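Colleague: Structure provided below as structure tokens; questions to follow.
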Amino acid sequence: MKRFALPLGIFLILLVFLGIGLRLKPQEIPSPFIGKPAPAFTLTLLHDAQKSFSPKDMLGKVWVLNVWASWCAPCRAELPALMALTKEAAIPIVGLNYTDTRSAGNKWLASFGNPYQLSAFDADGKVGIDYGVYGVPETFVIDKSGFIRMKHAGPVTEDDIKDKFLPLLKELSGG
Amino acid sequence: MAKAPFRSLCAALLGLFCAALLLWTGGVHAGQGAPAAVNPALELRVTQLAQELRCLVCQNQTIADSQAPLAVELKNQVREQLARGQSDQDVIDFMVQRYGDFILYRPPVKASTWLLWFGPFVLLALGLLALLLKLRQKPAAPADSLTAAELTHAAALLAGESPPGESVPAARSIPVITTVSNASTAATASTA
């Protein structure tokens, strides 16, 4: 029995590391923006090239910035969750339409639903790079003084809304 | 004899055709590589810097290797900023500010990465230590010395005599094996 103890021990240690490795999500890269001011930008609106949006406009409000594109399938999957968020928390969601075309973006909103107060049009993805966007969709929670408090990479699910977004939004709105 | 001038004409035409083809395709390639032709020194710096930056979409590639749209866009950013006269460090700072240390293909040495940088050497040192301890251990005492009966049995075997008496346990197993092998050979012989 004793001669098996060492190999068995080593095997168990390997098993533990394998388990940890399987649970890691390499897609979730820690964002360096948490607790930092949201980068400034001024972009035209997706539905109206004459008007523009800047994060400054939202100072004093807790809001959500959601990066999306008409070519992005998971963006469509998270639409119901975003709709639920606007209903349950009465929090404005601003869309950042990322490396898309105006016509495709507007058509997408018309056919699948529009949870956004407005969408800013980032045709060349420069603003996306300023926000460290590496995959779409990505969602940022920004507080009243314009600081990023949370970043969610990948599609938002109803569970994420319940467990991650609503508690934080309540806390930020209350304070 | 009259065929010779015709042949050389054909060869000349063929050569001309090949030359034209070469020039034409060469021109096409030069057109594709336009940015490289503009400023080779800048392109070299862009490539060198791009090899230090991770593509965040396809995480095991650098943005120099990747053709993902984000990698192409980040490469354009690098080119723009270098062309504006910014240093390599400025560009790296710009990227780290947005994407964190993860974008660096060579992670920086800091408290949170000590295990990553020095862990393998610690493991190596531990292995060497274990090996040294093992080597310095005194060799284990030889197995219990043979009994007098075993010694005589061994001496008899070495001398080529049949072992005296069946009292030695080790001796019992040998005849068993031989009988089995004899039986099997006998069996194959009988079937043959």
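Residues in the structure tokens are named by chain (A, B, ... in the order shown) and by number from 1 within that chain; ligands are numbered from 1 in the order shown.
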May I have the residues of chain B within 10 Å of chain A, counting only C-alpha atoms, written as a list of chain:residue names?

Modeller: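 That gives the following set of residues: B:Cys55, B:Leu56, B:Val57, B:Cys58, B:Gln59, B:Pro69, B:Leu70, B:Ala71, B:Glu73, B:Leu74, B:Gln77, B:Phe94, B:Met95, B:Val96, B:Gln97, B:Arg98, B:Tyr99, B:Gly100, B:Asp101, B:Phe102, B:Ile103.
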
Colleague: Pick out the closest residue to Arg79 (chain B) from this set: B:Ser162, B:Asn39, B:Asn60, B:Thr113. Count only C-alpha atoms.

Modeller: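 Under the stated criterion, the closest residue is B:Asn39.
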
Colleague: Taking into account only C-alpha atoms, which residue in the set A:Ile10, A:Ile20, A:Met1, A:Leu172 is nearest to Val141 (chain A)?

Modeller: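 Ranking A:Ile10, A:Ile20, A:Met1, A:Leu172 by distance to Val141 (chain A), first place goes to A:Leu172.
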
Colleague: Between A:Ser111, A:Thr157, A:Gln117, A:Asn106, which is the closest to Ala69 (chain A) once you count only C-alpha atoms?

Modeller: A:Asn106

Colleague: Taking the DSSP secondary structure from the backbone, can you list the residues of chain A that are strand (DSSP E), as an MDAnalysis selection string?

Modeller: chainID A and resid 43:44 52:53 63:68 93:98 118:122 138:142 148:153

Colleague: Counting only C-alpha atoms, what is within 10 Å of Lys75 (chain B), bar same-chain residues fewer than 5 positions away, as JSON, numbers by chain?

Modeller: {"B": [46, 47, 49, 50, 53, 63, 64, 66, 69, 70, 80, 81]}

Colleague: Quote the spacing between CA of Lys151 (chain A) and CA of Glu138 (chain A) in Å to one decimal place.

Modeller: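 These atoms are spaced 7.2 Å apart.
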
Colleague: Do you know which residues are at most 8 Å from region 160-170 of chain A counting only C-alpha atoms, after dropping those on the same chain fewer than 6 positions away, and could you put them as a ChimeraX atom specification?

Modeller: /A:62,81,85,89,141

Colleague: Using only C-alpha atoms, pick whichever of B:Leu42, B:Leu129, B:Leu115, B:Leu104 has the shortest atom-to-atom distance to Ser87 (chain B).

Modeller: B:Leu42

Colleague: According to DSSP computed on the backbone, where in chain A is there alpha helix (DSSP H)? Give the residues as a VMD selection string.

Modeller: chain A and resid 2 to 23 73 to 77 79 to 89 102 to 112 126 to 130 158 to 160 166 to 174

Colleague: Please measure the separation of CA of Pro92 (chain A) and CA of Ser173 (chain A), giving the value in Å to one decimal.

Modeller: 12.0 Å
